[in-house]
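This report concerns only the one structure given below.
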Amino acid sequence: MTGDDVDRGSAAPLHGVRVVSLAVNVPGPVAAARLADLGADVVKVEPPAGDALQVAAAGWYRELTARHEVVTLDLRDAADRERLEERLATADVLLTAMRPAALDRLGLRASVGRHRLVHVEIVGYDGERAGEAGHDLTYQAAHGTLQPPAVPTVPVADLLGGERAALAAVAGLRLRDRSGDAVHQPVVLDHVARDAAAGVRHGLTGPGDVLGGASPGYGIYPTTDGYVAVGAVEPHFVARLGDAVGRTRAELAARFATADSKHWQELGNELDIPIVAVGSIVDDDTLQEMR
């Protein structure tokens, strides 16, 4: 589950809203999970091959679909396409994540109008580039949020795109209430990646920027058993860090190297300085064992 793990029933903001999601991979499932968190009833329609996310990250797939009804339909088959149409007839929101040509081949735009749906259409690009292929890595690459040759550990465009798609659905429902007509809400992941890159574009978080290495109080330092992340940005945090540990990057590096990460995190808590041990990547099964 995502967000607050609370079932608020009829008090949930989207109680009574029905969502049909055809979206696989990451952005669509993230959006659908968020709408379910808000109380919507979500039906996830998967192709016979299933969702690639289930193969690549089964634990994440289970987490995102925990509140969904999952059905398998081959939309190239006339009978299954009609079964989808029956679902759409009682739905409020259609969530898709496919290229426009595929959407047109399936006749889904006509279905949106026929059933007065809010259509949240997640696409990679728009305009003349609408038919181009893309993924989170390529969107990030285009907008300067990568540090080659490292591959990012967080799919920023996909996650932010999913959250934006959920917001687009809520806004679309509001617009439909006003007009009574179908609503089209595009979410363009290339645009999402550009927005996510604002910190780099405006000289805040890129290499050598104030939050990209220029400030000694905002960085990652080795300890005797790992690393700590230090987030002393505001003057009062900077002053406390300087008094307790050091003021220059050299002073901080030398001092942090004398004790383990737990020691420094506890000191940060004691003195109210943002110092946290850098955690390792833990898979879903290991996390369950730890709990």
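Note on naming: chains are A, B, ... as they come in the structure tokens, residues start from 1 per chain, ligands start from 1 in the order shown.
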
For stretch 15-18 of chain A: contacts at 9 Å, only C-alpha atoms, fewer than 2 positions along chain excluded, given as JSON, numbers by chain:
{"A": [8, 9, 10, 11, 12, 13, 20, 38, 39, 40, 41, 42, 43, 90, 91, 92, 93, 94]}

Export N, CA and C atoms of the chosen residues as a PDB file, in the first residue's frame?
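Output file part-v5.pdb is given in full below:
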```
ATOM      1  N   ARG A   8     -10.729   4.191   5.356  1.00  0.00           N
ATOM      2  CA  ARG A   8     -11.686   5.135   5.932  1.00  0.00           C
ATOM      3  C   ARG A   8     -13.106   4.921   5.418  1.00  0.00           C
ATOM      4  N   GLY A   9     -13.325   3.879   4.592  1.00  0.00           N
ATOM      5  CA  GLY A   9     -14.658   3.556   4.117  1.00  0.00           C
ATOM      6  C   GLY A   9     -15.328   4.728   3.433  1.00  0.00           C
ATOM      7  N   SER A  10     -16.583   4.978   3.808  1.00  0.00           N
ATOM      8  CA  SER A  10     -17.369   6.030   3.161  1.00  0.00           C
ATOM      9  C   SER A  10     -16.831   7.423   3.438  1.00  0.00           C
ATOM     10  N   ALA A  11     -15.915   7.555   4.413  1.00  0.00           N
ATOM     11  CA  ALA A  11     -15.325   8.864   4.699  1.00  0.00           C
ATOM     12  C   ALA A  11     -14.162   9.176   3.759  1.00  0.00           C
ATOM     13  N   ALA A  12     -13.719   8.191   2.969  1.00  0.00           N
ATOM     14  CA  ALA A  12     -12.594   8.409   2.062  1.00  0.00           C
ATOM     15  C   ALA A  12     -12.990   9.386   0.958  1.00  0.00           C
ATOM     16  N   PRO A  13     -12.074  10.254   0.538  1.00  0.00           N
ATOM     17  CA  PRO A  13     -12.409  11.284  -0.452  1.00  0.00           C
ATOM     18  C   PRO A  13     -12.967  10.744  -1.759  1.00  0.00           C
ATOM     19  N   VAL A  20     -10.893   2.231 -13.858  1.00  0.00           N
ATOM     20  CA  VAL A  20     -10.386   1.119 -14.655  1.00  0.00           C
ATOM     21  C   VAL A  20      -9.001   1.511 -15.137  1.00  0.00           C
ATOM     22  N   LEU A  38      -7.082   6.682  -1.677  1.00  0.00           N
ATOM     23  CA  LEU A  38      -8.070   7.740  -1.447  1.00  0.00           C
ATOM     24  C   LEU A  38      -9.495   7.220  -1.450  1.00  0.00           C
ATOM     25  N   GLY A  39      -9.651   5.914  -1.610  1.00  0.00           N
ATOM     26  CA  GLY A  39     -10.972   5.313  -1.476  1.00  0.00           C
ATOM     27  C   GLY A  39     -11.612   4.836  -2.751  1.00  0.00           C
ATOM     28  N   ALA A  40     -10.974   5.015  -3.900  1.00  0.00           N
ATOM     29  CA  ALA A  40     -11.558   4.595  -5.166  1.00  0.00           C
ATOM     30  C   ALA A  40     -11.542   3.069  -5.293  1.00  0.00           C
ATOM     31  N   ASP A  41     -12.525   2.534  -6.007  1.00  0.00           N
ATOM     32  CA  ASP A  41     -12.525   1.122  -6.380  1.00  0.00           C
ATOM     33  C   ASP A  41     -11.760   0.998  -7.690  1.00  0.00           C
ATOM     34  N   VAL A  42     -10.692   0.212  -7.693  1.00  0.00           N
ATOM     35  CA  VAL A  42      -9.813   0.120  -8.856  1.00  0.00           C
ATOM     36  C   VAL A  42      -9.862  -1.296  -9.439  1.00  0.00           C
ATOM     37  N   VAL A  43     -10.110  -1.352 -10.740  1.00  0.00           N
ATOM     38  CA  VAL A  43      -9.989  -2.599 -11.489  1.00  0.00           C
ATOM     39  C   VAL A  43      -8.768  -2.459 -12.388  1.00  0.00           C
ATOM     40  N   THR A  90     -19.623   1.477 -16.350  1.00  0.00           N
ATOM     41  CA  THR A  90     -19.947   1.814 -14.958  1.00  0.00           C
ATOM     42  C   THR A  90     -18.781   2.513 -14.254  1.00  0.00           C
ATOM     43  N   ALA A  91     -17.770   2.902 -15.030  1.00  0.00           N
ATOM     44  CA  ALA A  91     -16.574   3.521 -14.450  1.00  0.00           C
ATOM     45  C   ALA A  91     -16.679   5.045 -14.471  1.00  0.00           C
ATOM     46  N   ASP A  92     -15.776   5.675 -13.717  1.00  0.00           N
ATOM     47  CA  ASP A  92     -15.637   7.133 -13.714  1.00  0.00           C
ATOM     48  C   ASP A  92     -14.319   7.570 -14.337  1.00  0.00           C
ATOM     49  N   VAL A  93     -13.279   6.776 -14.137  1.00  0.00           N
ATOM     50  CA  VAL A  93     -11.932   7.141 -14.585  1.00  0.00           C
ATOM     51  C   VAL A  93     -11.336   5.989 -15.377  1.00  0.00           C
ATOM     52  N   LEU A  94     -10.724   6.329 -16.510  1.00  0.00           N
ATOM     53  CA  LEU A  94      -9.925   5.372 -17.267  1.00  0.00           C
ATOM     54  C   LEU A  94      -8.480   5.844 -17.226  1.00  0.00           C
TER      55      LEU A  94
END
```

Write out as a count of residues only the residues lying within 6 Å of stretch 25-37 of chain A, counting only C-alpha atoms and excluding same-chain residues fewer than 3 positions away.
11

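Between atom CA of A:Val278 and atom CA of A:Gly217 the interatomic distance comes to 15.6 Å.
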
Applying 7 Å and only C-alpha atoms, which residues near A:Ala97 remain after dropping the ones on its own chain fewer than 6 positions away? List them as a count of residues only.
6

Would you please work out which residue, of A:Gly124, A:His143, A:Leu88, A:Thr223, is nearest to A:Arg109 when using only C-alpha atoms?
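Looking only at the distances to A:Arg109, the closest residue turns out to be A:Leu88.
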
Write out as a VMD selection string which residues come within 6 Å of stretch 65-73 of chain A when counting only C-alpha atoms, dropping same-chain ones fewer than 3 positions away.
chain A and resid 42 to 48 62 80

Name the residues of stretch 95-238 of chain A that fall into alpha helix (DSSP H) according to DSSP on the backbone, using the chain letters and numbers of this document, as number ranges by chain.
A: 100-105, 108-114, 136-142, 156-179, 189-196, 198-201, 235-238

Using only C-alpha atoms, which protein or nucleic acid residues come within 12 Å of stretch 227-240 of chain A? Drop anything in the same chain fewer than 4 positions from it, and give the result as an MDAnalysis selection string.
chainID A and resid 210:223 244:249 252:253 255:280

Hey, can you check how far atom CA of A:Glu128 sits from atom CA of A:Val200?
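These two atoms are separated by 26.4 Å.
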
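Proximity of A:Val120, A:Ala101, A:Leu160, A:Ala169 to A:Arg194, computed with only C-alpha atoms, is greatest for A:Leu160.
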
Go ahead and compute the interatomic distance for atom CA of A:Tyr61 and atom CA of A:Val151, in Å to one decimal.
21.4 Å

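Remark: for A:Arg76, the closest of the candidate residues A:Gly107, A:Gly59, A:Gly50, A:Gly144 is A:Gly107 (distances computed over only C-alpha atoms).
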
Which residues are close to A:Glu85, i.e. within 8 Å by only C-alpha atoms, leaving aside same-chain residues fewer than 4 positions away? Reply as a PDB file with all heavy atoms, in the first residue's frame.
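So the final result, stored in result_21.pdb, reads:
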```
ATOM      1  N   ARG A  81     -12.667  -7.418 -25.533  1.00  0.00           N
ATOM      2  CA  ARG A  81     -12.841  -5.966 -25.703  1.00  0.00           C
ATOM      3  C   ARG A  81     -14.229  -5.556 -25.249  1.00  0.00           C
ATOM      4  O   ARG A  81     -14.408  -4.489 -24.638  1.00  0.00           O
ATOM      5  CB  ARG A  81     -12.603  -5.581 -27.174  1.00  0.00           C
ATOM      6  CG  ARG A  81     -12.811  -4.093 -27.480  1.00  0.00           C
ATOM      7  CD  ARG A  81     -11.812  -3.240 -26.710  1.00  0.00           C
ATOM      8  NE  ARG A  81     -12.007  -1.822 -26.977  1.00  0.00           N
ATOM      9  CZ  ARG A  81     -12.893  -1.046 -26.357  1.00  0.00           C
ATOM     10  NH1 ARG A  81     -13.667  -1.564 -25.400  1.00  0.00           N
ATOM     11  NH2 ARG A  81     -13.016   0.230 -26.646  1.00  0.00           N
ATOM     12  N   ALA A  89     -18.514   1.080 -18.830  1.00  0.00           N
ATOM     13  CA  ALA A  89     -19.865   1.640 -18.765  1.00  0.00           C
ATOM     14  C   ALA A  89     -20.249   2.060 -17.352  1.00  0.00           C
ATOM     15  O   ALA A  89     -21.122   2.928 -17.176  1.00  0.00           O
ATOM     16  CB  ALA A  89     -20.872   0.628 -19.308  1.00  0.00           C
ATOM     17  N   SER A 111     -14.748   5.211 -26.499  1.00  0.00           N
ATOM     18  CA  SER A 111     -15.341   4.716 -25.253  1.00  0.00           C
ATOM     19  C   SER A 111     -15.361   5.801 -24.183  1.00  0.00           C
ATOM     20  O   SER A 111     -16.313   5.911 -23.407  1.00  0.00           O
ATOM     21  CB  SER A 111     -14.558   3.502 -24.747  1.00  0.00           C
ATOM     22  OG  SER A 111     -14.628   2.433 -25.656  1.00  0.00           O
TER      23      SER A 111
END
```
